[in-house]
file upload_0.cif (mmCIF, C-alpha atoms)
data_start
loop_
_atom_site.group_PDB
_atom_site.id
_atom_site.type_symbol
_atom_site.label_atom_id
_atom_site.label_comp_id
_atom_site.auth_asym_id
_atom_site.auth_seq_id
_atom_site.Cartn_x
_atom_site.Cartn_y
_atom_site.Cartn_z
ATOM 1 C CA MET A 1 -4.876 -4.861 9.501
ATOM 2 C CA ALA A 2 -3.632 -7.795 11.537
ATOM 3 C CA ARG A 3 -6.420 -10.013 10.183
ATOM 4 C CA ALA A 4 -5.738 -8.916 6.616
ATOM 5 C CA ILE A 5 -2.041 -9.710 7.020
ATOM 6 C CA ALA A 6 -2.761 -13.074 8.623
ATOM 7 C CA GLU A 7 -5.657 -14.263 6.461
ATOM 8 C CA LEU A 8 -5.299 -12.836 2.955
ATOM 9 C CA GLN A 9 -1.735 -14.028 2.360
ATOM 10 C CA VAL A 10 -2.132 -17.719 3.234
ATOM 11 C CA ALA A 11 -2.667 -18.701 -0.408
ATOM 12 C CA TYR A 12 0.687 -17.114 -1.334
ATOM 13 C CA LEU A 13 3.009 -17.544 1.659
ATOM 14 C CA ASP A 14 3.832 -20.283 4.118
ATOM 15 C CA GLY A 15 3.070 -19.880 7.823
ATOM 16 C CA ALA A 16 6.536 -18.612 8.722
ATOM 17 C CA GLN A 17 6.380 -15.974 5.973
ATOM 18 C CA VAL A 18 2.932 -14.818 7.088
ATOM 19 C CA ALA A 19 4.245 -14.463 10.651
ATOM 20 C CA ALA A 20 7.323 -12.586 9.413
ATOM 21 C CA SER A 21 5.049 -10.218 7.484
ATOM 22 C CA ALA A 22 3.827 -8.767 10.773
ATOM 23 C CA THR A 23 7.343 -7.452 11.460
ATOM 24 C CA MET A 24 7.264 -5.229 8.383
ATOM 25 C CA MET A 25 3.605 -4.490 7.714
ATOM 26 C CA GLY A 26 1.166 -2.235 9.482
ATOM 27 C CA LEU A 27 0.001 1.339 9.601
ATOM 28 C CA ASP A 28 2.465 4.188 9.376
ATOM 29 C CA THR A 29 0.759 6.881 11.463
ATOM 30 C CA GLN A 30 2.646 9.519 9.457
ATOM 31 C CA LEU A 31 0.011 8.882 6.761
ATOM 32 C CA ILE A 32 -2.705 9.915 9.211
ATOM 33 C CA ALA A 33 -0.706 12.921 10.428
ATOM 34 C CA ASP A 34 -0.229 14.003 6.803
ATOM 35 C CA GLY A 35 -3.963 13.600 6.091
ATOM 36 C CA SER A 36 -3.270 11.093 3.331
ATOM 37 C CA TYR A 37 -4.924 7.920 4.645
ATOM 38 C CA VAL A 38 -8.273 6.954 3.100
ATOM 39 C CA VAL A 39 -10.762 4.520 4.623
ATOM 40 C CA ALA A 40 -13.901 2.794 3.388
ATOM 41 C CA GLU A 41 -16.664 2.266 5.929
ATOM 42 C CA ILE A 42 -19.763 0.103 5.943
ATOM 43 C CA ASP A 43 -22.266 0.766 8.729
ATOM 44 C CA GLY A 44 -19.619 2.695 10.666
ATOM 45 C CA ARG A 45 -17.058 -0.119 10.448
ATOM 46 C CA ILE A 46 -13.728 0.496 8.702
ATOM 47 C CA VAL A 47 -13.499 -2.283 6.122
ATOM 48 C CA ALA A 48 -10.640 -1.066 3.915
ATOM 49 C CA GLY A 49 -7.953 1.563 3.980
ATOM 50 C CA GLY A 50 -4.891 2.797 2.200
ATOM 51 C CA GLY A 51 -2.759 5.851 1.838
ATOM 52 C CA TRP A 52 -0.718 7.894 -0.562
ATOM 53 C CA SER A 53 2.407 9.544 0.711
ATOM 54 C CA LYS A 54 4.487 12.567 -0.092
ATOM 55 C CA ARG A 55 7.316 10.976 1.918
ATOM 56 C CA ALA A 56 10.097 8.624 0.822
ATOM 57 C CA THR A 57 9.208 5.603 2.985
ATOM 58 C CA SER A 58 8.200 2.827 0.598
ATOM 59 C CA TYR A 59 6.449 0.424 2.956
ATOM 60 C CA GLY A 60 6.094 -0.665 6.551
ATOM 61 C CA GLY A 61 4.413 0.435 9.739
ATOM 62 C CA ASP A 62 5.568 2.570 12.633
ATOM 63 C CA HIS A 63 7.596 -0.365 13.974
ATOM 64 C CA SER A 64 9.354 -1.165 10.674
ATOM 65 C CA PRO A 65 13.010 -0.393 9.928
ATOM 66 C CA GLY A 66 13.994 1.736 6.942
ATOM 67 C CA ARG A 67 11.533 4.587 7.367
ATOM 68 C CA ASP A 68 12.419 7.855 5.609
ATOM 69 C CA ALA A 69 10.338 10.982 6.302
ATOM 70 C CA ARG A 70 12.033 12.992 3.540
ATOM 71 C CA LEU A 71 9.498 14.870 1.419
ATOM 72 C CA LEU A 72 9.278 13.730 -2.193
ATOM 73 C CA ASP A 73 9.455 16.073 -5.180
ATOM 74 C CA PRO A 74 6.167 15.514 -7.071
ATOM 75 C CA ASP A 75 7.765 16.649 -10.334
ATOM 76 C CA THR A 76 10.532 14.038 -10.286
ATOM 77 C CA GLU A 77 9.485 11.332 -7.808
ATOM 78 C CA ALA A 78 6.502 9.023 -7.481
ATOM 79 C CA THR A 79 4.020 9.197 -4.641
ATOM 80 C CA ARG A 80 4.122 6.116 -2.456
ATOM 81 C CA ILE A 81 0.909 4.106 -2.192
ATOM 82 C CA ARG A 82 1.040 2.675 1.322
ATOM 83 C CA ALA A 83 -0.709 0.525 3.913
ATOM 84 C CA MET A 84 -3.424 -0.909 1.677
ATOM 85 C CA TYR A 85 -5.582 -3.326 3.680
ATOM 86 C CA THR A 86 -9.051 -4.844 3.364
ATOM 87 C CA ASP A 87 -10.930 -6.619 6.133
ATOM 88 C CA PRO A 88 -11.016 -10.284 5.047
ATOM 89 C CA ASP A 89 -14.803 -10.328 5.562
ATOM 90 C CA PHE A 90 -15.076 -7.694 2.807
ATOM 91 C CA ALA A 91 -12.325 -8.826 0.421
ATOM 92 C CA ARG A 92 -12.953 -9.135 -3.325
ATOM 93 C CA ARG A 93 -15.767 -6.584 -3.353
ATOM 94 C CA GLY A 94 -13.931 -3.693 -5.009
ATOM 95 C CA LEU A 95 -13.185 -1.793 -1.802
ATOM 96 C CA GLY A 96 -9.408 -1.984 -2.178
ATOM 97 C CA ARG A 97 -9.728 -0.802 -5.770
ATOM 98 C CA ALA A 98 -11.901 2.143 -4.680
ATOM 99 C CA VAL A 99 -9.414 3.127 -1.963
ATOM 100 C CA LEU A 100 -6.507 2.808 -4.421
ATOM 101 C CA ARG A 101 -8.243 5.020 -6.971
ATOM 102 C CA ALA A 102 -9.060 7.616 -4.298
ATOM 103 C CA CYS A 103 -5.408 7.655 -3.239
ATOM 104 C CA GLU A 104 -4.253 8.081 -6.828
ATOM 105 C CA ALA A 105 -6.679 10.962 -7.406
ATOM 106 C CA ARG A 106 -5.497 12.748 -4.266
ATOM 107 C CA ALA A 107 -1.855 12.254 -5.229
ATOM 108 C CA VAL A 108 -2.574 13.765 -8.654
ATOM 109 C CA ALA A 109 -4.269 16.721 -6.953
ATOM 110 C CA ALA A 110 -1.070 17.152 -4.906
ATOM 111 C CA GLY A 111 0.977 17.344 -8.118
ATOM 112 C CA PHE A 112 2.324 13.800 -8.480
ATOM 113 C CA HIS A 113 2.665 12.272 -11.950
ATOM 114 C CA ALA A 114 3.491 8.687 -10.963
ATOM 115 C CA ALA A 115 2.796 6.238 -8.160
ATOM 116 C CA GLU A 116 4.970 3.517 -6.702
ATOM 117 C CA LEU A 117 4.080 0.815 -4.217
ATOM 118 C CA VAL A 118 5.509 -2.279 -2.629
ATOM 119 C CA ALA A 119 3.073 -5.143 -3.065
ATOM 120 C CA THR A 120 2.648 -8.493 -1.432
ATOM 121 C CA LEU A 121 2.059 -11.466 -3.690
ATOM 122 C CA ALA A 122 -1.587 -11.332 -2.583
ATOM 123 C CA GLY A 123 -1.890 -7.710 -3.716
ATOM 124 C CA GLU A 124 -0.134 -8.083 -7.058
ATOM 125 C CA PRO A 125 -3.239 -9.095 -9.079
ATOM 126 C CA LEU A 126 -5.172 -5.983 -8.005
ATOM 127 C CA TYR A 127 -2.310 -3.610 -8.727
ATOM 128 C CA ALA A 128 -1.541 -5.228 -12.082
ATOM 129 C CA ALA A 129 -5.219 -4.925 -13.050
ATOM 130 C CA GLU A 130 -5.034 -1.224 -12.140
ATOM 131 C CA GLY A 131 -2.074 -0.617 -14.458
ATOM 132 C CA TYR A 132 0.891 -1.072 -12.132
ATOM 133 C CA ALA A 133 3.957 -2.783 -13.620
ATOM 134 C CA VAL A 134 6.530 -4.752 -11.662
ATOM 135 C CA VAL A 135 9.876 -2.949 -11.595
ATOM 136 C CA GLU A 136 11.602 -5.096 -8.981
ATOM 137 C CA ARG A 137 11.085 -8.346 -7.098
ATOM 138 C CA PHE A 138 12.866 -8.611 -3.752
ATOM 139 C CA ASP A 139 12.673 -10.217 -0.338
ATOM 140 C CA ASP A 140 12.151 -8.323 2.899
ATOM 141 C CA THR A 141 14.646 -9.877 5.297
ATOM 142 C CA ASN A 142 13.742 -8.018 8.489
ATOM 143 C CA GLY A 143 11.712 -10.908 9.913
ATOM 144 C CA ALA A 144 12.626 -14.453 10.869
ATOM 145 C CA VAL A 145 12.370 -15.588 7.224
ATOM 146 C CA PRO A 146 12.462 -13.707 3.905
ATOM 147 C CA VAL A 147 9.112 -12.471 2.575
ATOM 148 C CA PRO A 148 8.752 -11.931 -1.197
ATOM 149 C CA LEU A 149 7.615 -8.461 -2.279
ATOM 150 C CA LEU A 150 7.280 -6.528 -5.525
ATOM 151 C CA ARG A 151 7.990 -2.881 -6.261
ATOM 152 C CA MET A 152 5.407 -1.690 -8.796
ATOM 153 C CA ARG A 153 4.961 1.616 -10.600
ATOM 154 C CA LYS A 154 2.282 3.415 -12.612
ATOM 155 C CA ALA A 155 2.057 6.706 -14.498
ATOM 156 C CA LEU A 156 -0.859 8.780 -13.225
ATOM 157 C CA ALA A 157 -1.554 10.576 -16.513
ATOM 158 C CA GLY A 158 -5.266 10.795 -17.222
ATOM 159 C CA ILE A 159 -6.357 10.412 -13.595
ATOM 160 C CA ALA A 160 -8.458 13.315 -12.369
ATOM 161 C CA GLY A 161 -7.434 14.781 -9.022
ATOM 162 C CA GLY A 162 -9.951 14.599 -6.232
ATOM 163 C CA GLY A 163 -10.335 15.647 -2.640
#
call {"tool": "encode", "arguments": {"input": "upload_0.cif", "output": "structure tokens"}}
result
Amino acid sequence: MARAIAELQVAYLDGAQVAASATMMGLDTQLIADGSYVVAEIDGRIVAGGGWSKRATSYGGDHSPGRDARLLDPDTEATRIRAMYTDPDFARRGLGRAVLRACEARAVAAGFHAAELVATLAGEPLYAAEGYAVVERFDDTNGAVPVPLLRMRKALAGIAGGG
């Protein structure tokens, strides 16, 4: 995750913003505890991962402020797609897309009808290509400098649930 944060954002952010990203990004181990984190492996090496959440936290790792463990209502609230990372050595090979689709299918199986995520500028093209629309642009101000982010949303109608 640290390499993905450091290397995949350099085309979109300046050095100070990339460094500030580490204060808000990372793995939320609640996703693992909830059994909702998906990984892609090649030859036993984890090369991509991401999660879907039934909890209200929108983004950030264990160390990030603003976490909210409240359970979401699948009938009225969107699942949160969280902690999507690809090893830079394996970027642009469809692994992030496969993890995203697996997360969406599992969220549908859990009763969710919509998905929401907070994207980096580097992630926006993938999510837009997968049908997510920008609903808000904002800056995370928890680090030394503001980091631009996007809240994106997608209806999950027509996606088959999977396990």
call {"tool": "closest_residue", "arguments": {"input": "upload_0.cif", "among": "A:Arg137, A:Arg101, A:Arg151, A:Arg106", "to": "A:Lys54", "atoms": "only C-alpha atoms"}}
result
A:Arg106
call {"tool": "resolve_selection", "arguments": {"input": "upload_0.cif", "expression": "the PyMOL selection byres ((chain A and resi 141) around 12)", "output": "ChimeraX atom specification"}}
result
/A:17,20-21,23-24,64-66,138-140,142-149
call {"tool": "atom_distance", "arguments": {"input": "upload_0.cif", "atom1": "atom CA of A:Gly158", "atom2": "atom CA of A:Ala56"}}
result
23.8 Å
call {"tool": "atom_distance", "arguments": {"input": "upload_0.cif", "atom1": "atom CA of A:Ala109", "atom2": "atom CA of A:Ala4"}}
result
29.0 Å
call {"tool": "resolve_selection", "arguments": {"input": "upload_0.cif", "expression": "the PyMOL selection byres ((chain A and resi 9) around 12)", "output": "JSON, numbers by chain"}}
result
{"A": [2, 3, 4, 5, 6, 7, 8, 10, 11, 12, 13, 14, 15, 16, 17, 18, 19, 20, 21, 22, 85, 86, 88, 91, 119, 120, 121, 122, 123, 124, 147, 148, 149]}
call {"tool": "write_last_selection", "arguments": {"input": "upload_0.cif", "atoms": "C-alpha atoms", "output": "compact mmCIF listing (two decimals), keeping the file's coordinate frame"}}
result
# COMPACT_ATOMS: atom_id res chain seq x y z
CA ALA A 2 -3.63 -7.80 11.54
CA ARG A 3 -6.42 -10.01 10.18
CA ALA A 4 -5.74 -8.92 6.62
CA ILE A 5 -2.04 -9.71 7.02
CA ALA A 6 -2.76 -13.07 8.62
CA GLU A 7 -5.66 -14.26 6.46
CA LEU A 8 -5.30 -12.84 2.96
CA VAL A 10 -2.13 -17.72 3.23
CA ALA A 11 -2.67 -18.70 -0.41
CA TYR A 12 0.69 -17.11 -1.33
CA LEU A 13 3.01 -17.54 1.66
CA ASP A 14 3.83 -20.28 4.12
CA GLY A 15 3.07 -19.88 7.82
CA ALA A 16 6.54 -18.61 8.72
CA GLN A 17 6.38 -15.97 5.97
CA VAL A 18 2.93 -14.82 7.09
CA ALA A 19 4.24 -14.46 10.65
CA ALA A 20 7.32 -12.59 9.41
CA SER A 21 5.05 -10.22 7.48
CA ALA A 22 3.83 -8.77 10.77
CA TYR A 85 -5.58 -3.33 3.68
CA THR A 86 -9.05 -4.84 3.36
CA PRO A 88 -11.02 -10.28 5.05
CA ALA A 91 -12.32 -8.83 0.42
CA ALA A 119 3.07 -5.14 -3.06
CA THR A 120 2.65 -8.49 -1.43
CA LEU A 121 2.06 -11.47 -3.69
CA ALA A 122 -1.59 -11.33 -2.58
CA GLY A 123 -1.89 -7.71 -3.72
CA GLU A 124 -0.13 -8.08 -7.06
CA VAL A 147 9.11 -12.47 2.58
CA PRO A 148 8.75 -11.93 -1.20
CA LEU A 149 7.62 -8.46 -2.28
call {"tool": "residues_around", "arguments": {"input": "upload_0.cif", "residues": "A:Ala40", "least_positions_apart": "5", "cutoff": "9 Å", "atoms": "all atoms listed in the file", "output": "PDB file with C-alpha atoms, in the coordinates of the input"}}
result
ATOM      1  CA  ARG A  45     -17.058  -0.119  10.448  1.00  0.00           C
ATOM      2  CA  ILE A  46     -13.728   0.496   8.702  1.00  0.00           C
ATOM      3  CA  VAL A  47     -13.499  -2.283   6.122  1.00  0.00           C
ATOM      4  CA  ALA A  48     -10.640  -1.066   3.915  1.00  0.00           C
ATOM      5  CA  GLY A  49      -7.953   1.563   3.980  1.00  0.00           C
ATOM      6  CA  LEU A  95     -13.185  -1.793  -1.802  1.00  0.00           C
ATOM      7  CA  GLY A  96      -9.408  -1.984  -2.178  1.00  0.00           C
ATOM      8  CA  ALA A  98     -11.901   2.143  -4.680  1.00  0.00           C
ATOM      9  CA  VAL A  99      -9.414   3.127  -1.963  1.00  0.00           C
TER      10      VAL A  99
END
call {"tool": "resolve_selection", "arguments": {"input": "upload_0.cif", "expression": "the PyMOL selection byres ((chain A and resi 69) around 12)", "output": "list in words"}}
result
Asp28, Thr29, Gln30, Leu31, Ala33, Asp34, Ser53, Lys54, Arg55, Ala56, Thr57, Ser58, Tyr59, Asp62, Gly66, Arg67, Asp68, Arg70, Leu71, Leu72 and Arg80 of chain A
call {"tool": "atom_distance", "arguments": {"input": "upload_0.cif", "atom1": "atom CA of A:Ile81", "atom2": "atom CA of A:Ala115"}}
result
6.6 Å
call {"tool": "closest_residue", "arguments": {"input": "upload_0.cif", "among": "A:Lys154, A:Ala129, A:Gly161, A:Val39", "to": "A:Met84", "atoms": "all atoms listed in the file"}}
result
A:Val39
call {"tool": "closest_residue", "arguments": {"input": "upload_0.cif", "among": "A:Val134, A:Val38, A:Met1, A:Ala155", "to": "A:Cys103", "atoms": "all atoms listed in the file"}}
result
A:Val38
call {"tool": "closest_residue", "arguments": {"input": "upload_0.cif", "among": "A:Gly44, A:Pro74, A:Gly50, A:Gly26", "to": "A:His113", "atoms": "all atoms listed in the file"}}
result
A:Pro74
call {"tool": "axis_aligned_box", "arguments": {"input": "upload_0.cif", "around": "stretch 148-155 of chain A", "padding_each_side": "6 Å", "output": "JSON"}}
result
{"center_x": 5.4, "center_y": -2.6, "center_z": -7.8, "size_x": 18.7, "size_y": 30.6, "size_z": 25.3}
call {"tool": "closest_residue", "arguments": {"input": "upload_0.cif", "among": "A:Ala157, A:Ser36, A:Leu150, A:Ile42", "to": "A:Leu100", "atoms": "all atoms listed in the file"}}
result
A:Ser36
call {"tool": "closest_residue", "arguments": {"input": "upload_0.cif", "among": "A:Val118, A:Val135, A:Leu126, A:Ala110", "to": "A:Gly35", "atoms": "all atoms listed in the file"}}
result
A:Ala110
call {"tool": "decode", "arguments": {"input": "upload_0.cif", "residues": "stretch 6-27 of chain A", "atoms": "N, CA and C atoms", "output": "PDB file, in the first residue's frame"}}
result
ATOM      1  N   ALA A   6       2.743   6.105  -2.719  1.00  0.00           N
ATOM      2  CA  ALA A   6       3.900   6.924  -3.089  1.00  0.00           C
ATOM      3  C   ALA A   6       4.120   7.015  -4.595  1.00  0.00           C
ATOM      4  N   GLU A   7       3.901   5.922  -5.319  1.00  0.00           N
ATOM      5  CA  GLU A   7       4.291   5.880  -6.727  1.00  0.00           C
ATOM      6  C   GLU A   7       3.176   6.168  -7.723  1.00  0.00           C
ATOM      7  N   LEU A   8       1.951   5.779  -7.426  1.00  0.00           N
ATOM      8  CA  LEU A   8       0.893   5.897  -8.429  1.00  0.00           C
ATOM      9  C   LEU A   8       0.231   7.271  -8.460  1.00  0.00           C
ATOM     10  N   GLN A   9       0.552   8.123  -7.495  1.00  0.00           N
ATOM     11  CA  GLN A   9      -0.066   9.449  -7.457  1.00  0.00           C
ATOM     12  C   GLN A   9       0.828  10.564  -7.991  1.00  0.00           C
ATOM     13  N   VAL A  10       2.090  10.250  -8.300  1.00  0.00           N
ATOM     14  CA  VAL A  10       3.039  11.310  -8.660  1.00  0.00           C
ATOM     15  C   VAL A  10       2.649  12.078  -9.927  1.00  0.00           C
ATOM     16  N   ALA A  11       1.871  11.487 -10.790  1.00  0.00           N
ATOM     17  CA  ALA A  11       1.427  12.192 -11.998  1.00  0.00           C
ATOM     18  C   ALA A  11       0.291  13.174 -11.700  1.00  0.00           C
ATOM     19  N   TYR A  12      -0.290  13.093 -10.501  1.00  0.00           N
ATOM     20  CA  TYR A  12      -1.460  13.897 -10.159  1.00  0.00           C
ATOM     21  C   TYR A  12      -1.229  14.875  -9.012  1.00  0.00           C
ATOM     22  N   LEU A  13      -0.280  14.571  -8.145  1.00  0.00           N
ATOM     23  CA  LEU A  13      -0.042  15.373  -6.943  1.00  0.00           C
ATOM     24  C   LEU A  13       1.414  15.802  -6.875  1.00  0.00           C
ATOM     25  N   ASP A  14       1.668  16.887  -6.152  1.00  0.00           N
ATOM     26  CA  ASP A  14       3.060  17.266  -5.931  1.00  0.00           C
ATOM     27  C   ASP A  14       3.619  16.452  -4.763  1.00  0.00           C
ATOM     28  N   GLY A  15       4.912  16.564  -4.522  1.00  0.00           N
ATOM     29  CA  GLY A  15       5.567  15.757  -3.500  1.00  0.00           C
ATOM     30  C   GLY A  15       4.989  15.933  -2.114  1.00  0.00           C
ATOM     31  N   ALA A  16       4.640  17.162  -1.755  1.00  0.00           N
ATOM     32  CA  ALA A  16       4.066  17.413  -0.429  1.00  0.00           C
ATOM     33  C   ALA A  16       2.692  16.755  -0.299  1.00  0.00           C
ATOM     34  N   GLN A  17       1.909  16.777  -1.369  1.00  0.00           N
ATOM     35  CA  GLN A  17       0.588  16.141  -1.335  1.00  0.00           C
ATOM     36  C   GLN A  17       0.704  14.625  -1.254  1.00  0.00           C
ATOM     37  N   VAL A  18       1.661  14.054  -1.967  1.00  0.00           N
ATOM     38  CA  VAL A  18       1.875  12.604  -1.886  1.00  0.00           C
ATOM     39  C   VAL A  18       2.248  12.232  -0.456  1.00  0.00           C
ATOM     40  N   ALA A  19       3.149  12.994   0.154  1.00  0.00           N
ATOM     41  CA  ALA A  19       3.546  12.719   1.540  1.00  0.00           C
ATOM     42  C   ALA A  19       2.361  12.866   2.488  1.00  0.00           C
ATOM     43  N   ALA A  20       1.539  13.885   2.278  1.00  0.00           N
ATOM     44  CA  ALA A  20       0.366  14.091   3.132  1.00  0.00           C
ATOM     45  C   ALA A  20      -0.649  12.967   2.966  1.00  0.00           C
ATOM     46  N   SER A  21      -0.667  12.340   1.798  1.00  0.00           N
ATOM     47  CA  SER A  21      -1.602  11.238   1.556  1.00  0.00           C
ATOM     48  C   SER A  21      -1.399  10.098   2.544  1.00  0.00           C
ATOM     49  N   ALA A  22      -0.166   9.891   2.961  1.00  0.00           N
ATOM     50  CA  ALA A  22       0.125   8.799   3.897  1.00  0.00           C
ATOM     51  C   ALA A  22      -0.539   9.011   5.250  1.00  0.00           C
ATOM     52  N   THR A  23      -0.904  10.257   5.580  1.00  0.00           N
ATOM     53  CA  THR A  23      -1.568  10.502   6.864  1.00  0.00           C
ATOM     54  C   THR A  23      -3.034  10.101   6.840  1.00  0.00           C
ATOM     55  N   MET A  24      -3.599   9.933   5.659  1.00  0.00           N
ATOM     56  CA  MET A  24      -5.028   9.609   5.583  1.00  0.00           C
ATOM     57  C   MET A  24      -5.309   8.274   4.915  1.00  0.00           C
ATOM     58  N   MET A  25      -4.346   7.738   4.195  1.00  0.00           N
ATOM     59  CA  MET A  25      -4.590   6.503   3.452  1.00  0.00           C
ATOM     60  C   MET A  25      -3.960   5.312   4.155  1.00  0.00           C
ATOM     61  N   GLY A  26      -4.470   4.149   3.830  1.00  0.00           N
ATOM     62  CA  GLY A  26      -3.947   2.917   4.396  1.00  0.00           C
ATOM     63  C   GLY A  26      -5.075   1.933   4.622  1.00  0.00           C
ATOM     64  N   LEU A  27      -4.738   0.818   5.191  1.00  0.00           N
ATOM     65  CA  LEU A  27      -5.729  -0.233   5.419  1.00  0.00           C
ATOM     66  C   LEU A  27      -6.477  -0.002   6.721  1.00  0.00           C
TER      67      LEU A  27
END
